Amino acid sequence: MKVACQIFRLLSRRNFSAGTKMAKSKFEYVREFESSDRCLPNTWMVVRLDGKGFHKFADKHNFEKPNDKNALSLMNEAAKSVMKEFKEITLAYGQSDEFSFLIRRDHDLYNRRSSKISTIICSLFTSAYVFHWDHCMVGKTLLYPPCFDGRVILYPDEKNVRDYFSWRQADCHINNLYNTTFWNLVLKGGITNQQAEERLCKTVSGDKNEILFSQFGINYNNEPEMFRKGTVVYRPKDRSKRSSNVNVEHIDIINDAFWLEHPHLLNKIRE
């Protein structure tokens with residue numbers, strides 16, 4: 001993987017001499033059709049990746065329901081590859097088929113061009129997903145290439161950043177509680193998908209917890225934290241600028257504890 005990243009870095013960051021020569025030809029005018037997509041300076045940048053058609057992808061590759069631990073670990077490995085390549089990223093959060101990457105507000109990566117940043121991070125994540133497939137998905141053959149889309153969102157201050165990641169983790173909890181209840185009703189309760197949907201319609205969290213415990217003996221709070229809270233990948237203190245080391249944890253990022261313990265993630269990095 002180290003060699004692959006070195007090749008990727010060389011291809012993505014070098015200036016090709018052929019392109020320089022082309023700029024002086026009579027065809028140079030076509031560049032005027034390009035629109036500027038440089039992001040506002042001094043803003044936090046979040047790049048969110050989402051799997052395209054991943055319900056079908058998961059079914060074709062027989063992912064376990066409601067959660068496939070190996071598939072989630074594969075997503076985490078792909079995210080780690082992205083963070084090891086781009087030191088400008090201080091934090092990433094992932095759940096299900098999505099991952100969000102936080103880029104420092106003081107960076108000038110690719111001249112802050114939105115399309116450049118989103119496409120390169122998306123392509124590296126996807127290639128790393130394929131690269132690590134055999135290691136994580138032991139005994140399963142990759143039948144066709146996965147696909148992820150990417151977008152860039154700008155946030156003006158730290159509160160917005162924290163609220164964004166709180167939103168994604170809250171979404172993880174809501175979706176996982178529903179899916180855990182739904183698939184237990186179908187796989188263990190012996191009812192159809194439609195019947196499970198009707199059973200869960202208009203239920204609240206307490207109702208779902210009661211179904212899991214009373215019918216299947218499952219205490220939702222004892223479910224693996226990776227399923228309930230998602231995955232947090234972040235740079236350790238004092239190594240945010242140069243080191244490729246990252247920590248991977250499945251912890252709460254909605255409350256203050258994580259951010260108080262790691263204030264460097266949202267502070268300006270001193271040289």
# chains A, B, ... in the order shown; residues from 1 in each chain; ligands from 1

call {"tool": "residues_around", "arguments": {"residues": "segment 156-163 of chain A", "least_positions_apart": "2", "cutoff": "7 Å", "atoms": "only C-alpha atoms", "output": "list in words"}}
result
Thr43, Trp44, Leu154, Phe165, Ser166, Trp167 and Leu266 of chain A

call {"tool": "write_last_selection", "arguments": {"atoms": "all heavy atoms", "output": "JSON list (two decimals), in the first residue's frame"}}
result
[["chain", "number", "residue", "atom", "x", "y", "z"],
["A", 43, "THR", "N", -12.11, 28.80, 6.20],
["A", 43, "THR", "CA", -13.30, 28.05, 6.55],
["A", 43, "THR", "C", -12.94, 26.58, 6.70],
["A", 43, "THR", "O", -12.05, 26.08, 6.01],
["A", 43, "THR", "CB", -14.40, 28.18, 5.49],
["A", 43, "THR", "OG1", -13.86, 27.82, 4.20],
["A", 43, "THR", "CG2", -14.97, 29.57, 5.45],
["A", 44, "TRP", "N", -13.62, 25.92, 7.62],
["A", 44, "TRP", "CA", -13.44, 24.47, 7.76],
["A", 44, "TRP", "C", -14.07, 23.77, 6.56],
["A", 44, "TRP", "O", -15.15, 24.15, 6.12],
["A", 44, "TRP", "CB", -14.10, 23.98, 9.04],
["A", 44, "TRP", "CG", -13.45, 24.49, 10.28],
["A", 44, "TRP", "CD1", -13.80, 25.59, 11.01],
["A", 44, "TRP", "CD2", -12.31, 23.93, 10.93],
["A", 44, "TRP", "NE1", -12.96, 25.73, 12.09],
["A", 44, "TRP", "CE2", -12.04, 24.73, 12.07],
["A", 44, "TRP", "CE3", -11.50, 22.82, 10.67],
["A", 44, "TRP", "CZ2", -10.99, 24.45, 12.95],
["A", 44, "TRP", "CZ3", -10.46, 22.54, 11.54],
["A", 44, "TRP", "CH2", -10.21, 23.35, 12.66],
["A", 154, "LEU", "N", -18.60, 23.71, 3.45],
["A", 154, "LEU", "CA", -17.79, 24.67, 4.20],
["A", 154, "LEU", "C", -18.51, 25.11, 5.47],
["A", 154, "LEU", "O", -19.71, 25.38, 5.43],
["A", 154, "LEU", "CB", -17.47, 25.89, 3.33],
["A", 154, "LEU", "CG", -16.75, 25.63, 2.02],
["A", 154, "LEU", "CD1", -16.51, 26.96, 1.29],
["A", 154, "LEU", "CD2", -15.44, 24.90, 2.24],
["A", 165, "PHE", "N", -20.66, 16.88, 12.87],
["A", 165, "PHE", "CA", -20.30, 15.51, 13.26],
["A", 165, "PHE", "C", -21.30, 14.94, 14.26],
["A", 165, "PHE", "O", -21.54, 13.72, 14.27],
["A", 165, "PHE", "CB", -18.87, 15.48, 13.80],
["A", 165, "PHE", "CG", -17.83, 15.59, 12.72],
["A", 165, "PHE", "CD1", -17.17, 16.79, 12.49],
["A", 165, "PHE", "CD2", -17.54, 14.51, 11.91],
["A", 165, "PHE", "CE1", -16.22, 16.90, 11.47],
["A", 165, "PHE", "CE2", -16.60, 14.60, 10.90],
["A", 165, "PHE", "CZ", -15.95, 15.80, 10.67],
["A", 166, "SER", "N", -21.92, 15.78, 15.08],
["A", 166, "SER", "CA", -22.98, 15.32, 15.97],
["A", 166, "SER", "C", -24.18, 14.83, 15.15],
["A", 166, "SER", "O", -24.81, 13.81, 15.48],
["A", 166, "SER", "CB", -23.43, 16.46, 16.90],
["A", 166, "SER", "OG", -22.39, 16.83, 17.78],
["A", 167, "TRP", "N", -24.48, 15.55, 14.09],
["A", 167, "TRP", "CA", -25.57, 15.17, 13.19],
["A", 167, "TRP", "C", -25.33, 13.80, 12.58],
["A", 167, "TRP", "O", -26.22, 12.95, 12.55],
["A", 167, "TRP", "CB", -25.72, 16.23, 12.10],
["A", 167, "TRP", "CG", -26.63, 15.86, 10.96],
["A", 167, "TRP", "CD1", -27.90, 15.37, 11.05],
["A", 167, "TRP", "CD2", -26.33, 15.95, 9.56],
["A", 167, "TRP", "NE1", -28.42, 15.15, 9.78],
["A", 167, "TRP", "CE2", -27.47, 15.51, 8.85],
["A", 167, "TRP", "CE3", -25.22, 16.39, 8.85],
["A", 167, "TRP", "CZ2", -27.52, 15.47, 7.47],
["A", 167, "TRP", "CZ3", -25.26, 16.36, 7.46],
["A", 167, "TRP", "CH2", -26.40, 15.90, 6.78],
["A", 266, "LEU", "N", -9.39, 21.05, 16.59],
["A", 266, "LEU", "CA", -10.11, 22.23, 16.11],
["A", 266, "LEU", "C", -9.31, 23.52, 16.31],
["A", 266, "LEU", "O", -9.82, 24.61, 16.01],
["A", 266, "LEU", "CB", -11.46, 22.35, 16.81],
["A", 266, "LEU", "CG", -12.49, 21.27, 16.50],
["A", 266, "LEU", "CD1", -13.79, 21.52, 17.24],
["A", 266, "LEU", "CD2", -12.75, 21.16, 15.00]]

call {"tool": "select_by_dssp", "arguments": {"residues": "segment 123-257 of chain A", "states": "alpha helix (DSSP H)", "output": "PyMOL selection string"}}
result
chain A and resi 123-131+133-136+158-187+193-200+205-216+225-229+257

call {"tool": "write_last_selection", "arguments": {"atoms": "C-alpha atoms", "output": "compact mmCIF listing (two decimals), in the first residue's frame"}}
result
# COMPACT_ATOMS: atom_id res chain seq x y z
CA SER A 123 -10.73 8.30 -5.84
CA LEU A 124 -8.12 7.45 -3.21
CA PHE A 125 -10.79 6.20 -0.82
CA THR A 126 -12.32 4.02 -3.53
CA SER A 127 -8.99 2.58 -4.69
CA ALA A 128 -8.01 1.87 -1.07
CA TYR A 129 -11.37 0.13 -0.54
CA VAL A 130 -10.60 -2.19 -3.45
CA PHE A 131 -6.95 -2.59 -2.34
CA TRP A 133 -10.85 -5.91 0.09
CA ASP A 134 -9.08 -9.30 0.24
CA HIS A 135 -7.59 -8.51 3.64
CA CYS A 136 -10.87 -7.46 5.25
CA GLU A 158 -15.94 25.24 15.31
CA LYS A 159 -19.50 25.03 16.58
CA ASN A 160 -20.75 24.30 13.08
CA VAL A 161 -18.09 21.61 12.70
CA ARG A 162 -19.07 19.94 15.96
CA ASP A 163 -22.76 20.12 15.06
CA TYR A 164 -22.03 18.52 11.71
CA PHE A 165 -20.30 15.51 13.26
CA SER A 166 -22.98 15.32 15.97
CA TRP A 167 -25.57 15.17 13.19
CA ARG A 168 -23.79 12.28 11.50
CA GLN A 169 -23.38 10.34 14.74
CA ALA A 170 -27.02 10.92 15.71
CA ASP A 171 -27.95 9.63 12.25
CA CYS A 172 -25.84 6.53 12.92
CA HIS A 173 -27.71 5.81 16.15
CA ILE A 174 -31.17 6.35 14.64
CA ASN A 175 -30.49 4.23 11.56
CA ASN A 176 -28.71 1.44 13.41
CA LEU A 177 -31.42 1.08 16.04
CA TYR A 178 -34.04 0.86 13.30
CA ASN A 179 -32.02 -1.61 11.20
CA THR A 180 -31.15 -3.77 14.20
CA THR A 181 -34.82 -4.04 15.15
CA PHE A 182 -35.99 -4.48 11.57
CA TRP A 183 -33.62 -7.32 10.70
CA ASN A 184 -34.20 -9.15 13.95
CA LEU A 185 -37.93 -9.08 13.22
CA VAL A 186 -37.28 -10.47 9.74
CA LEU A 187 -34.44 -12.93 10.36
CA ASN A 193 -39.93 -7.03 5.19
CA GLN A 194 -43.24 -5.28 4.66
CA GLN A 195 -44.63 -6.61 7.93
CA ALA A 196 -41.51 -5.42 9.75
CA GLU A 197 -41.89 -1.96 8.23
CA GLU A 198 -45.52 -1.82 9.34
CA ARG A 199 -44.58 -3.01 12.83
CA LEU A 200 -41.98 -0.27 13.22
CA SER A 205 -36.53 4.63 20.25
CA GLY A 206 -38.04 3.23 23.45
CA ASP A 207 -40.45 1.06 21.45
CA LYS A 208 -37.64 -0.42 19.39
CA ASN A 209 -35.53 -1.11 22.46
CA GLU A 210 -38.51 -2.88 24.03
CA ILE A 211 -39.03 -5.06 20.93
CA LEU A 212 -35.38 -6.06 20.88
CA PHE A 213 -35.30 -6.94 24.56
CA SER A 214 -38.72 -8.56 25.00
CA GLN A 215 -38.74 -10.59 21.77
CA PHE A 216 -35.07 -11.34 21.20
CA GLU A 225 -19.91 0.37 19.75
CA MET A 226 -18.78 0.43 16.12
CA PHE A 227 -22.38 -0.36 15.13
CA ARG A 228 -23.99 2.11 17.56
CA LYS A 229 -21.52 5.01 17.42
CA ALA A 257 -15.55 14.93 26.50

call {"tool": "atom_distance", "arguments": {"atom1": "atom CA of Val204 of chain A", "atom2": "atom CA of Asp256 of chain A"}}
result
25.8 Å

call {"tool": "atom_distance", "arguments": {"atom1": "atom CA of Phe33 of chain A", "atom2": "atom CA of Ser118 of chain A"}}
result
20.4 Å

call {"tool": "atom_distance", "arguments": {"atom1": "atom CA of Thr192 of chain A", "atom2": "atom CA of Gly51 of chain A"}}
result
26.2 Å

call {"tool": "closest_atom_pairs", "arguments": {"of": "segment 133-239 of chain A", "to": "segment 74-91 of chain A", "cutoff": "8 Å", "atoms": "only C-alpha atoms", "output": "tab-separated table"}}
result
residue	atom	partner	partner_atom	distance
A:Trp133	CA	A:Leu74	CA	6.7
A:Cys136	CA	A:Leu74	CA	5.7
A:Met137	CA	A:Leu74	CA	7.6
A:Thr231	CA	A:Asn76	CA	7.3
A:Val232	CA	A:Leu91	CA	7.3
A:Val233	CA	A:Leu91	CA	5.7
A:Tyr234	CA	A:Leu91	CA	4.4
A:Arg235	CA	A:Thr90	CA	5.7

call {"tool": "select_by_dssp", "arguments": {"residues": "segment 22-206 of chain A", "states": "strand (DSSP E or B)", "output": "MDAnalysis selection string"}}
result
chainID A and resid 38 44:51 89:95 98:103 113 148:155

call {"tool": "closest_residue", "arguments": {"among": "A:Asn62, A:Asn42, A:Asn247, A:Ser36", "to": "Lys116 of chain A", "atoms": "only C-alpha atoms"}}
result
A:Ser36

call {"tool": "closest_residue", "arguments": {"among": "A:Glu28, A:Tyr93, A:Asp50, A:Phe63", "to": "Arg151 of chain A", "atoms": "only C-alpha atoms"}}
result
A:Asp50

call {"tool": "closest_residue", "arguments": {"among": "A:Ser73, A:Leu143, A:Ser114, A:Phe148", "to": "Asp59 of chain A", "atoms": "only C-alpha atoms"}}
result
A:Leu143

call {"tool": "closest_residue", "arguments": {"among": "A:Leu102, A:Leu142, A:Met45, A:Ile121", "to": "Ala58 of chain A", "atoms": "only C-alpha atoms"}}
result
A:Leu142

call {"tool": "decode", "arguments": {"residues": "segment 150-181 of chain A", "atoms": "N, CA and C atoms", "output": "tab-separated table (two decimals), in the first residue's frame"}}
result
chain	number	residue	atom	x	y	z
A	150	GLY	N	-18.75	12.21	-3.86
A	150	GLY	CA	-18.15	13.10	-2.87
A	150	GLY	C	-18.68	14.51	-3.01
A	151	ARG	N	-18.73	15.22	-1.90
A	151	ARG	CA	-19.14	16.62	-1.91
A	151	ARG	C	-18.32	17.38	-0.87
A	152	VAL	N	-18.22	18.69	-1.05
A	152	VAL	CA	-17.49	19.54	-0.12
A	152	VAL	C	-18.47	20.51	0.53
A	153	ILE	N	-18.40	20.59	1.87
A	153	ILE	CA	-19.23	21.53	2.62
A	153	ILE	C	-18.32	22.42	3.44
A	154	LEU	N	-18.60	23.71	3.45
A	154	LEU	CA	-17.79	24.67	4.20
A	154	LEU	C	-18.51	25.11	5.47
A	155	TYR	N	-17.75	25.22	6.56
A	155	TYR	CA	-18.32	25.68	7.83
A	155	TYR	C	-17.46	26.80	8.39
A	156	PRO	N	-18.09	27.88	8.87
A	156	PRO	CA	-17.33	29.05	9.30
A	156	PRO	C	-16.67	28.95	10.66
A	157	ASP	N	-17.24	28.11	11.57
A	157	ASP	CA	-16.64	28.08	12.90
A	157	ASP	C	-16.70	26.67	13.50
A	158	GLU	N	-16.09	26.54	14.67
A	158	GLU	CA	-15.94	25.24	15.31
A	158	GLU	C	-17.28	24.66	15.77
A	159	LYS	N	-18.19	25.52	16.17
A	159	LYS	CA	-19.50	25.03	16.58
A	159	LYS	C	-20.21	24.33	15.43
A	160	ASN	N	-20.14	24.93	14.25
A	160	ASN	CA	-20.75	24.30	13.08
A	160	ASN	C	-20.12	22.95	12.78
A	161	VAL	N	-18.81	22.87	12.95
A	161	VAL	CA	-18.09	21.61	12.70
A	161	VAL	C	-18.57	20.54	13.68
A	162	ARG	N	-18.62	20.90	14.96
A	162	ARG	CA	-19.07	19.94	15.96
A	162	ARG	C	-20.51	19.51	15.71
A	163	ASP	N	-21.36	20.46	15.35
A	163	ASP	CA	-22.76	20.12	15.06
A	163	ASP	C	-22.88	19.20	13.86
A	164	TYR	N	-22.00	19.40	12.88
A	164	TYR	CA	-22.03	18.52	11.71
A	164	TYR	C	-21.75	17.08	12.12
A	165	PHE	N	-20.66	16.88	12.87
A	165	PHE	CA	-20.30	15.51	13.26
A	165	PHE	C	-21.30	14.94	14.26
A	166	SER	N	-21.92	15.78	15.08
A	166	SER	CA	-22.98	15.32	15.97
A	166	SER	C	-24.18	14.83	15.15
A	167	TRP	N	-24.48	15.55	14.09
A	167	TRP	CA	-25.57	15.17	13.19
A	167	TRP	C	-25.33	13.80	12.58
A	168	ARG	N	-24.09	13.56	12.13
A	168	ARG	CA	-23.79	12.28	11.50
A	168	ARG	C	-23.83	11.14	12.51
A	169	GLN	N	-23.35	11.41	13.75
A	169	GLN	CA	-23.38	10.34	14.74
A	169	GLN	C	-24.81	10.07	15.23
A	170	ALA	N	-25.61	11.11	15.35
A	170	ALA	CA	-27.02	10.92	15.71
A	170	ALA	C	-27.73	10.10	14.63
A	171	ASP	N	-27.39	10.37	13.37
A	171	ASP	CA	-27.95	9.63	12.25
A	171	ASP	C	-27.56	8.15	12.34
A	172	CYS	N	-26.32	7.91	12.75
A	172	CYS	CA	-25.84	6.53	12.92
A	172	CYS	C	-26.70	5.80	13.95
A	173	HIS	N	-26.92	6.43	15.08
A	173	HIS	CA	-27.71	5.81	16.15
A	173	HIS	C	-29.14	5.52	15.69
A	174	ILE	N	-29.78	6.51	15.07
A	174	ILE	CA	-31.17	6.35	14.64
A	174	ILE	C	-31.30	5.22	13.62
A	175	ASN	N	-30.42	5.24	12.62
A	175	ASN	CA	-30.49	4.23	11.56
A	175	ASN	C	-30.14	2.83	12.07
A	176	ASN	N	-29.12	2.77	12.95
A	176	ASN	CA	-28.71	1.44	13.41
A	176	ASN	C	-29.74	0.81	14.33
A	177	LEU	N	-30.37	1.62	15.18
A	177	LEU	CA	-31.42	1.08	16.04
A	177	LEU	C	-32.58	0.55	15.21
A	178	TYR	N	-32.95	1.31	14.19
A	178	TYR	CA	-34.04	0.86	13.30
A	178	TYR	C	-33.64	-0.43	12.59
A	179	ASN	N	-32.45	-0.44	11.97
A	179	ASN	CA	-32.02	-1.61	11.20
A	179	ASN	C	-31.85	-2.85	12.08
A	180	THR	N	-31.33	-2.65	13.29
A	180	THR	CA	-31.15	-3.77	14.20
A	180	THR	C	-32.50	-4.39	14.55
A	181	THR	N	-33.48	-3.55	14.82
A	181	THR	CA	-34.82	-4.04	15.15
A	181	THR	C	-35.47	-4.67	13.93
